[in-house]
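Here is data.csv, consisting of CSV, C-alpha atoms:
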chain,number,residue,atom,x,y,z
T,1,MET,CA,148.0,168.6,43.8
T,2,SER,CA,148.6,167.1,47.3
T,3,LEU,CA,146.0,164.3,47.3
T,4,PRO,CA,148.1,162.0,45.1
T,5,HIS,CA,151.1,162.7,47.4
T,6,ALA,CA,149.0,161.9,50.5
T,7,ILE,CA,148.0,158.6,48.9
T,8,LEU,CA,151.6,157.8,47.8
T,9,THR,CA,152.7,158.5,51.4
T,10,ALA,CA,150.0,156.2,52.9
T,11,LEU,CA,150.8,153.4,50.4
T,12,LEU,CA,154.6,153.7,51.2
T,13,GLU,CA,153.8,153.4,54.9
T,14,ARG,CA,151.7,150.2,54.1
T,15,PRO,CA,150.4,148.8,50.9
T,16,SER,CA,146.6,148.8,51.1
T,17,SER,CA,143.4,148.1,49.2
T,18,GLY,CA,141.2,151.1,48.3
T,19,LEU,CA,138.9,150.3,51.2
T,20,GLU,CA,141.8,150.0,53.7
T,21,LEU,CA,143.2,153.3,52.4
T,22,THR,CA,139.9,155.2,52.8
T,23,ARG,CA,139.7,153.8,56.4
T,24,ARG,CA,143.3,154.9,57.1
T,25,PHE,CA,142.4,158.4,55.7
T,26,ASP,CA,139.4,158.5,58.0
T,27,ARG,CA,141.7,157.6,61.0
T,28,SER,CA,144.9,159.5,60.4
T,29,ILE,CA,145.9,161.4,57.2
T,30,GLY,CA,142.4,162.7,57.0
T,31,TYR,CA,143.0,164.8,60.1
T,32,PHE,CA,145.2,167.1,58.1
T,33,TRP,CA,144.4,166.2,54.5
T,34,SER,CA,140.8,165.2,53.9
T,35,ALA,CA,139.4,163.4,50.9
T,36,THR,CA,136.2,161.6,50.1
T,37,HIS,CA,136.2,157.9,49.4
T,38,GLN,CA,135.3,158.7,45.8
T,39,GLN,CA,138.2,161.1,45.4
T,40,ILE,CA,140.6,158.4,46.8
T,41,TYR,CA,139.4,155.7,44.5
T,42,ARG,CA,139.5,158.1,41.5
T,43,GLU,CA,143.1,159.1,42.4
T,44,LEU,CA,144.1,155.5,42.8
T,45,GLY,CA,143.0,154.9,39.2
T,46,ARG,CA,145.0,157.9,38.0
T,47,LEU,CA,148.1,156.9,39.9
T,48,GLU,CA,147.9,153.4,38.5
T,49,LYS,CA,147.4,154.7,35.0
T,50,ASP,CA,150.4,157.0,35.4
T,51,GLY,CA,152.6,154.1,36.5
T,52,LEU,CA,153.2,155.4,40.0
T,53,ILE,CA,151.4,152.5,41.8
T,54,ARG,CA,150.4,149.1,40.8
T,55,ALA,CA,147.8,146.6,42.0
T,56,VAL,CA,149.6,143.7,43.8
T,57,PRO,CA,148.5,140.3,42.5
T,58,GLN,CA,146.2,138.7,45.0
T,59,PRO,CA,145.2,135.1,45.5
T,60,PRO,CA,141.8,134.3,43.9
T,61,SER,CA,138.8,135.3,46.1
T,62,ARG,CA,135.2,136.0,45.7
T,63,GLY,CA,135.7,139.8,45.7
T,64,ARG,CA,137.9,141.7,43.3
T,65,ARG,CA,139.9,143.4,46.0
T,66,LYS,CA,143.0,145.2,44.8
T,67,GLU,CA,145.9,146.0,47.1
T,68,TYR,CA,148.2,148.8,45.8
T,69,GLU,CA,151.9,149.4,46.3
T,70,VAL,CA,154.1,152.3,45.2
T,71,LEU,CA,156.4,151.8,42.2
T,72,PRO,CA,159.8,153.4,41.9
T,73,ALA,CA,158.4,156.1,39.7
T,74,GLY,CA,155.8,156.9,42.5
T,75,ARG,CA,158.6,157.1,45.1
T,76,ALA,CA,160.6,159.4,42.8
T,77,ALA,CA,157.5,161.6,42.3
T,78,LEU,CA,156.9,161.8,46.1
T,79,THR,CA,160.6,162.5,46.7
T,80,GLY,CA,160.6,165.3,44.2
T,81,TRP,CA,157.4,166.8,45.7
T,82,ILE,CA,159.0,166.8,49.2
T,83,ALA,CA,162.0,168.7,47.9
T,84,HIS,CA,159.9,171.3,46.1
T,85,ASP,CA,159.5,174.7,47.8
T,86,GLN,CA,156.0,175.6,48.7
T,87,ASP,CA,154.8,178.8,50.5
T,88,PRO,CA,152.3,178.5,53.4
T,89,LYS,CA,148.7,178.6,52.3
T,90,PRO,CA,146.6,181.6,53.5
T,91,ILE,CA,143.8,180.8,55.9
T,92,ARG,CA,140.4,180.7,54.1
T,93,ASP,CA,137.9,180.2,56.9
T,94,PRO,CA,134.3,181.3,56.3
T,95,LEU,CA,133.9,181.9,60.1
T,96,LEU,CA,136.6,184.6,60.0
T,97,LEU,CA,135.0,186.3,57.1
T,98,ARG,CA,131.6,186.1,58.7
T,99,LEU,CA,133.0,187.7,61.8
T,100,ARG,CA,134.6,190.5,59.8
T,101,ALA,CA,131.3,191.0,58.0
T,102,ALA,CA,129.5,191.2,61.3
T,103,ALA,CA,131.9,194.0,62.4
T,104,ALA,CA,131.3,195.8,59.1
T,105,VAL,CA,127.5,195.8,59.5
T,106,GLY,CA,127.7,196.6,63.2
T,107,SER,CA,126.5,193.3,64.5
T,108,GLY,CA,127.8,190.0,65.7
T,109,ALA,CA,125.4,188.7,68.2
T,110,GLU,CA,124.0,186.3,65.5
T,111,LEU,CA,127.4,184.5,65.5
T,112,GLY,CA,127.4,183.7,69.2
T,113,GLY,CA,125.8,180.3,68.8
T,114,GLU,CA,128.0,179.5,65.8
T,115,LEU,CA,131.1,180.4,67.8
T,116,ARG,CA,130.0,178.1,70.6
T,117,ARG,CA,129.3,175.3,68.1
T,118,HIS,CA,132.8,175.7,66.5
T,119,LEU,CA,134.3,175.8,70.0
T,120,ASP,CA,132.6,172.5,70.8
T,121,LEU,CA,133.9,171.0,67.6
T,122,HIS,CA,137.5,172.1,68.2
T,123,LEU,CA,137.3,170.9,71.8
T,124,ARG,CA,136.2,167.5,70.6
T,125,GLN,CA,139.0,167.3,68.0
T,126,LEU,CA,141.6,168.4,70.6
T,127,ALA,CA,140.4,165.7,73.0
T,128,GLU,CA,140.7,163.1,70.2
T,129,TYR,CA,144.2,164.3,69.3
T,130,ARG,CA,145.3,164.1,72.9
T,131,GLU,CA,143.8,160.6,73.2
T,132,ILE,CA,145.8,159.5,70.2
T,133,GLU,CA,148.9,161.0,71.7
T,134,GLU,CA,148.3,159.3,75.0
T,135,ARG,CA,147.6,156.0,73.3
T,136,ASP,CA,150.3,156.0,70.6
T,137,PHE,CA,153.1,158.3,71.8
T,138,THR,CA,153.6,157.9,75.5
T,139,ALA,CA,156.3,155.2,75.1
T,140,PRO,CA,159.8,156.3,74.3
T,141,GLN,CA,159.9,157.4,70.7
T,142,GLY,CA,161.4,155.1,68.1
T,143,GLY,CA,163.2,156.2,64.9
T,144,ALA,CA,162.9,159.4,62.9
T,145,GLU,CA,159.7,158.2,61.2
T,146,ARG,CA,157.9,157.8,64.5
T,147,ARG,CA,159.1,161.2,65.8
T,148,ILE,CA,158.0,162.9,62.6
T,149,GLN,CA,154.5,161.3,63.0
T,150,HIS,CA,154.4,162.7,66.5
T,151,LEU,CA,155.4,166.1,65.3
T,152,VAL,CA,152.5,166.1,62.8
T,153,LEU,CA,150.1,165.1,65.6
T,154,GLN,CA,151.6,167.9,67.8
T,155,ALA,CA,150.9,170.4,65.0
T,156,GLY,CA,147.2,169.3,65.1
T,157,ILE,CA,147.2,169.7,68.9
T,158,GLY,CA,148.7,173.1,68.6
T,159,LEU,CA,146.2,174.2,65.9
T,160,GLU,CA,143.2,173.0,67.9
T,161,THR,CA,144.6,174.6,71.1
T,162,PHE,CA,144.9,177.9,69.1
T,163,TRP,CA,141.3,177.7,67.8
T,164,VAL,CA,139.9,176.9,71.3
T,165,GLU,CA,141.6,179.9,72.8
T,166,TRP,CA,140.7,182.2,69.9
T,167,LEU,CA,137.1,181.1,69.9
T,168,ARG,CA,136.8,181.7,73.7
T,169,ALA,CA,138.3,185.2,73.2
T,170,ALA,CA,136.0,186.0,70.3
T,171,ALA,CA,132.9,184.9,72.3
T,172,GLU,CA,133.9,187.4,75.0
T,173,VAL,CA,134.1,190.3,72.4
T,174,LEU,CA,130.8,189.6,70.7
T,175,PRO,CA,127.7,191.3,72.1
T,176,ALA,CA,125.1,189.1,73.6
T,177,PRO,CA,122.0,188.8,71.4
T,178,GLU,CA,120.0,191.3,73.5
T,179,ASP,CA,122.9,193.9,73.4
T,180,GLY,CA,123.0,196.6,70.7
T,181,PRO,CA,126.0,197.0,68.3
T,182,ASP,CA,127.8,199.2,70.9
T,183,GLY,CA,127.6,196.5,73.6
T,184,THR,CA,124.8,198.2,75.5
T,185,ASP,CA,121.4,196.6,76.0
T,186,GLY,CA,119.7,199.4,74.0
T,187,THR,CA,117.9,201.0,77.0
T,188,ASP,CA,118.6,204.5,78.2
T,189,GLY,CA,119.4,203.3,81.7
T,190,ASP,CA,116.0,204.3,83.3
For the file at hand, write its structure as structure tokens.
Amino acid sequence: MSLPHAILTALLERPSSGLELTRRFDRSIGYFWSATHQQIYRELGRLEKDGLIRAVPQPPSRGRRKEYEVLPAGRAALTGWIAHDQDPKPIRDPLLLRLRAAAAVGSGAELGGELRRHLDLHLRQLAEYREIEERDFTAPQGGAERRIQHLVLQAGIGLETFWVEWLRAAAEVLPAPEDGPDGTDGTDGD
């Protein structure tokens, strides 16, 4: 349900061609609402068919590039969606389920490498978010739109910080690969 709203938001921020929109998703909106290029193009077609966006007439060129803008009906649909109540979504992370399964079977050492890999991914994402913040938000904030954009980025920074801390704590709890399920190395101490 939210992909059309993400696209409407991006097009309200700046009318774009499909290619420009997919690049913007890769650089910004995609950090918190991901979509493939194919999904974006398919949704652009639906939004245009539903009368929520239109292709802006372009000067003749060799390519058939379409630039889209939001129509009043699209703005109204987005405004209605913003005002609609929506409960938080529960976390559905396979790593959490795998860790719970490891506890159930009395193991977990197998997940040590995976936890380190996830930690590395979250550290990289956190560094990227902080780089964006340093680049784009060190100057005094402008209007409400700019402050809201910074709040969204701060949410990403907070989530990545949480995952980094949690993954480090989880790595400390898991037994090393040579340890047994009870955390001992399996020898009788002789």
Note to self: Which residue is closest to T:Ala169? Choose from T:Leu119, T:Ala83, T:Ile132, T:Ala144 and count all atoms listed in the file.
What the structure shows: T:Leu119
Margin query: I want to know what sits within 10 Å of T:Ala10, based on only C-alpha atoms, with residues of the same chain fewer than 5 positions away left out; could you give that as a ChimeraX atom specification?
Written below: /T:4-5,15-16,21,24-25,28-29,69-70
Margin query: So, with only C-alpha atoms as the atoms that count, which of T:Leu126, T:Ala171, T:Leu71, T:Ala139 lies closest to T:Gly156?
Written below: T:Leu126
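You will find atom CA of T:Asp120 at 14.3 Å from atom CA of T:Leu95.
Nearest residue to T:Gln154 among T:Leu8, T:Tyr41, T:Tyr31, T:Ala55 is T:Tyr31, counting all atoms listed in the file.
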Note to self: Using all atoms listed in the file, which protein or nucleic acid residues come within 12 Å of T:Glu114? Drop anything in the same chain fewer than 3 positions from it, and give the result as a list in words.
What the structure shows: Pro94, Leu95, Leu96, Arg98, Leu99, Gly108, Ala109, Glu110, Leu111, Arg117, His118, Leu119, Asp120, Leu121, Leu167, Ala170, Ala171 and Leu174 of chain T
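For the residues T:Phe32, T:Gly74, T:Ile53, T:Arg92, ranking by smallest atom-to-atom distance to T:Leu159 using all atoms listed in the file places T:Phe32 first.
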Checklist line | Close residues, T:Glu134 itself excluded, 12 Å, only C-alpha atoms, min 6 positions apart in chain, as a PyMOL selection string | finding: chain T and resi 127-128+140+150+153-154
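Straight-line separation from atom CA of T:Ile148 to atom CA of T:Ala6: 15.1 Å.
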Extract stretch 58-89 of chain T from the preceding block and save N, CA, C and O atoms as a PDB file, in the first residue's frame.
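The resulting file, out.pdb, is reproduced below:
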ATOM      1  N   GLN T  58       7.036  16.877 -22.858  1.00  0.00           N
ATOM      2  CA  GLN T  58       8.463  17.176 -22.990  1.00  0.00           C
ATOM      3  C   GLN T  58       8.759  17.622 -24.407  1.00  0.00           C
ATOM      4  O   GLN T  58       8.084  17.217 -25.354  1.00  0.00           O
ATOM      5  N   PRO T  59       9.792  18.428 -24.578  1.00  0.00           N
ATOM      6  CA  PRO T  59      10.190  18.793 -25.937  1.00  0.00           C
ATOM      7  C   PRO T  59      10.630  17.543 -26.696  1.00  0.00           C
ATOM      8  O   PRO T  59      11.091  16.573 -26.086  1.00  0.00           O
ATOM      9  N   PRO T  60      10.461  17.534 -28.005  1.00  0.00           N
ATOM     10  CA  PRO T  60      10.858  16.362 -28.783  1.00  0.00           C
ATOM     11  C   PRO T  60      12.341  16.030 -28.555  1.00  0.00           C
ATOM     12  O   PRO T  60      13.181  16.918 -28.472  1.00  0.00           O
ATOM     13  N   SER T  61      12.607  14.748 -28.422  1.00  0.00           N
ATOM     14  CA  SER T  61      13.994  14.288 -28.262  1.00  0.00           C
ATOM     15  C   SER T  61      14.092  12.883 -28.828  1.00  0.00           C
ATOM     16  O   SER T  61      13.098  12.263 -29.183  1.00  0.00           O
ATOM     17  N   ARG T  62      15.308  12.390 -28.874  1.00  0.00           N
ATOM     18  CA  ARG T  62      15.533  11.043 -29.429  1.00  0.00           C
ATOM     19  C   ARG T  62      14.909   9.978 -28.538  1.00  0.00           C
ATOM     20  O   ARG T  62      14.370   9.004 -29.016  1.00  0.00           O
ATOM     21  N   GLY T  63      14.996  10.160 -27.225  1.00  0.00           N
ATOM     22  CA  GLY T  63      14.409   9.188 -26.299  1.00  0.00           C
ATOM     23  C   GLY T  63      12.962   9.530 -26.012  1.00  0.00           C
ATOM     24  O   GLY T  63      12.484  10.608 -26.327  1.00  0.00           O
ATOM     25  N   ARG T  64      12.258   8.606 -25.423  1.00  0.00           N
ATOM     26  CA  ARG T  64      10.857   8.847 -25.087  1.00  0.00           C
ATOM     27  C   ARG T  64      10.730   9.030 -23.576  1.00  0.00           C
ATOM     28  O   ARG T  64       9.909   8.407 -22.942  1.00  0.00           O
ATOM     29  N   ARG T  65      11.561   9.869 -23.015  1.00  0.00           N
ATOM     30  CA  ARG T  65      11.593  10.105 -21.581  1.00  0.00           C
ATOM     31  C   ARG T  65      10.309  10.799 -21.135  1.00  0.00           C
ATOM     32  O   ARG T  65       9.900  11.803 -21.706  1.00  0.00           O
ATOM     33  N   LYS T  66       9.698  10.260 -20.093  1.00  0.00           N
ATOM     34  CA  LYS T  66       8.520  10.884 -19.507  1.00  0.00           C
ATOM     35  C   LYS T  66       8.915  11.446 -18.150  1.00  0.00           C
ATOM     36  O   LYS T  66       9.573  10.772 -17.367  1.00  0.00           O
ATOM     37  N   GLU T  67       8.502  12.668 -17.884  1.00  0.00           N
ATOM     38  CA  GLU T  67       8.663  13.230 -16.548  1.00  0.00           C
ATOM     39  C   GLU T  67       7.269  13.323 -15.949  1.00  0.00           C
ATOM     40  O   GLU T  67       6.347  13.815 -16.595  1.00  0.00           O
ATOM     41  N   TYR T  68       7.136  12.863 -14.718  1.00  0.00           N
ATOM     42  CA  TYR T  68       5.830  12.795 -14.075  1.00  0.00           C
ATOM     43  C   TYR T  68       5.672  13.876 -13.020  1.00  0.00           C
ATOM     44  O   TYR T  68       6.633  14.261 -12.361  1.00  0.00           O
ATOM     45  N   GLU T  69       4.420  14.325 -12.876  1.00  0.00           N
ATOM     46  CA  GLU T  69       4.074  15.241 -11.798  1.00  0.00           C
ATOM     47  C   GLU T  69       2.787  14.751 -11.155  1.00  0.00           C
ATOM     48  O   GLU T  69       1.995  14.033 -11.770  1.00  0.00           O
ATOM     49  N   VAL T  70       2.569  15.165  -9.921  1.00  0.00           N
ATOM     50  CA  VAL T  70       1.387  14.752  -9.169  1.00  0.00           C
ATOM     51  C   VAL T  70       0.224  15.663  -9.521  1.00  0.00           C
ATOM     52  O   VAL T  70       0.363  16.888  -9.559  1.00  0.00           O
ATOM     53  N   LEU T  71      -0.908  15.052  -9.773  1.00  0.00           N
ATOM     54  CA  LEU T  71      -2.153  15.786 -10.046  1.00  0.00           C
ATOM     55  C   LEU T  71      -2.882  16.062  -8.731  1.00  0.00           C
ATOM     56  O   LEU T  71      -2.562  15.450  -7.694  1.00  0.00           O
ATOM     57  N   PRO T  72      -3.870  16.959  -8.728  1.00  0.00           N
ATOM     58  CA  PRO T  72      -4.609  17.241  -7.486  1.00  0.00           C
ATOM     59  C   PRO T  72      -5.191  15.976  -6.836  1.00  0.00           C
ATOM     60  O   PRO T  72      -5.188  15.858  -5.614  1.00  0.00           O
ATOM     61  N   ALA T  73      -5.656  15.037  -7.633  1.00  0.00           N
ATOM     62  CA  ALA T  73      -6.195  13.795  -7.062  1.00  0.00           C
ATOM     63  C   ALA T  73      -5.100  13.006  -6.343  1.00  0.00           C
ATOM     64  O   ALA T  73      -5.351  12.360  -5.321  1.00  0.00           O
ATOM     65  N   GLY T  74      -3.872  13.050  -6.857  1.00  0.00           N
ATOM     66  CA  GLY T  74      -2.752  12.376  -6.203  1.00  0.00           C
ATOM     67  C   GLY T  74      -2.393  13.042  -4.890  1.00  0.00           C
ATOM     68  O   GLY T  74      -2.118  12.369  -3.890  1.00  0.00           O
ATOM     69  N   ARG T  75      -2.393  14.372  -4.890  1.00  0.00           N
ATOM     70  CA  ARG T  75      -2.127  15.112  -3.641  1.00  0.00           C
ATOM     71  C   ARG T  75      -3.208  14.791  -2.611  1.00  0.00           C
ATOM     72  O   ARG T  75      -2.907  14.569  -1.430  1.00  0.00           O
ATOM     73  N   ALA T  76      -4.460  14.732  -3.030  1.00  0.00           N
ATOM     74  CA  ALA T  76      -5.557  14.413  -2.110  1.00  0.00           C
ATOM     75  C   ALA T  76      -5.417  12.985  -1.570  1.00  0.00           C
ATOM     76  O   ALA T  76      -5.640  12.743  -0.377  1.00  0.00           O
ATOM     77  N   ALA T  77      -5.041  12.051  -2.429  1.00  0.00           N
ATOM     78  CA  ALA T  77      -4.848  10.668  -1.981  1.00  0.00           C
ATOM     79  C   ALA T  77      -3.725  10.593  -0.954  1.00  0.00           C
ATOM     80  O   ALA T  77      -3.837   9.900   0.063  1.00  0.00           O
ATOM     81  N   LEU T  78      -2.644  11.308  -1.185  1.00  0.00           N
ATOM     82  CA  LEU T  78      -1.520  11.307  -0.255  1.00  0.00           C
ATOM     83  C   LEU T  78      -1.907  11.974   1.059  1.00  0.00           C
ATOM     84  O   LEU T  78      -1.591  11.470   2.145  1.00  0.00           O
ATOM     85  N   THR T  79      -2.623  13.081   0.979  1.00  0.00           N
ATOM     86  CA  THR T  79      -3.081  13.774   2.187  1.00  0.00           C
ATOM     87  C   THR T  79      -3.995  12.866   3.010  1.00  0.00           C
ATOM     88  O   THR T  79      -3.878  12.799   4.238  1.00  0.00           O
ATOM     89  N   GLY T  80      -4.892  12.148   2.350  1.00  0.00           N
ATOM     90  CA  GLY T  80      -5.779  11.217   3.054  1.00  0.00           C
ATOM     91  C   GLY T  80      -5.008  10.095   3.719  1.00  0.00           C
ATOM     92  O   GLY T  80      -5.310   9.691   4.847  1.00  0.00           O
ATOM     93  N   TRP T  81      -3.996   9.581   3.035  1.00  0.00           N
ATOM     94  CA  TRP T  81      -3.178   8.503   3.596  1.00  0.00           C
ATOM     95  C   TRP T  81      -2.402   8.993   4.814  1.00  0.00           C
ATOM     96  O   TRP T  81      -2.288   8.285   5.817  1.00  0.00           O
ATOM     97  N   ILE T  82      -1.884  10.214   4.749  1.00  0.00           N
ATOM     98  CA  ILE T  82      -1.136  10.777   5.876  1.00  0.00           C
ATOM     99  C   ILE T  82      -2.031  10.860   7.112  1.00  0.00           C
ATOM    100  O   ILE T  82      -1.596  10.572   8.228  1.00  0.00           O
ATOM    101  N   ALA T  83      -3.285  11.255   6.923  1.00  0.00           N
ATOM    102  CA  ALA T  83      -4.210  11.455   8.040  1.00  0.00           C
ATOM    103  C   ALA T  83      -4.760  10.147   8.602  1.00  0.00           C
ATOM    104  O   ALA T  83      -5.314  10.132   9.706  1.00  0.00           O
ATOM    105  N   HIS T  84      -4.594   9.049   7.892  1.00  0.00           N
ATOM    106  CA  HIS T  84      -5.141   7.750   8.294  1.00  0.00           C
ATOM    107  C   HIS T  84      -4.323   7.147   9.428  1.00  0.00           C
ATOM    108  O   HIS T  84      -3.105   7.168   9.399  1.00  0.00           O
ATOM    109  N   ASP T  85      -4.998   6.590  10.440  1.00  0.00           N
ATOM    110  CA  ASP T  85      -4.298   5.902  11.530  1.00  0.00           C
ATOM    111  C   ASP T  85      -3.659   4.623  11.015  1.00  0.00           C
ATOM    112  O   ASP T  85      -4.243   3.926  10.175  1.00  0.00           O
ATOM    113  N   GLN T  86      -2.487   4.325  11.526  1.00  0.00           N
ATOM    114  CA  GLN T  86      -1.809   3.081  11.156  1.00  0.00           C
ATOM    115  C   GLN T  86      -0.965   2.630  12.336  1.00  0.00           C
ATOM    116  O   GLN T  86      -0.136   3.386  12.847  1.00  0.00           O
ATOM    117  N   ASP T  87      -1.191   1.409  12.783  1.00  0.00           N
ATOM    118  CA  ASP T  87      -0.421   0.862  13.899  1.00  0.00           C
ATOM    119  C   ASP T  87       0.999   0.547  13.458  1.00  0.00           C
ATOM    120  O   ASP T  87       1.238   0.268  12.276  1.00  0.00           O
ATOM    121  N   PRO T  88       1.942   0.559  14.413  1.00  0.00           N
ATOM    122  CA  PRO T  88       3.313   0.159  14.061  1.00  0.00           C
ATOM    123  C   PRO T  88       3.321  -1.278  13.544  1.00  0.00           C
ATOM    124  O   PRO T  88       2.528  -2.111  13.978  1.00  0.00           O
ATOM    125  N   LYS T  89       4.221  -1.535  12.626  1.00  0.00           N
ATOM    126  CA  LYS T  89       4.345  -2.888  12.071  1.00  0.00           C
ATOM    127  C   LYS T  89       5.252  -3.707  12.962  1.00  0.00           C
ATOM    128  O   LYS T  89       6.297  -3.231  13.414  1.00  0.00           O
TER     129      LYS T  89
END
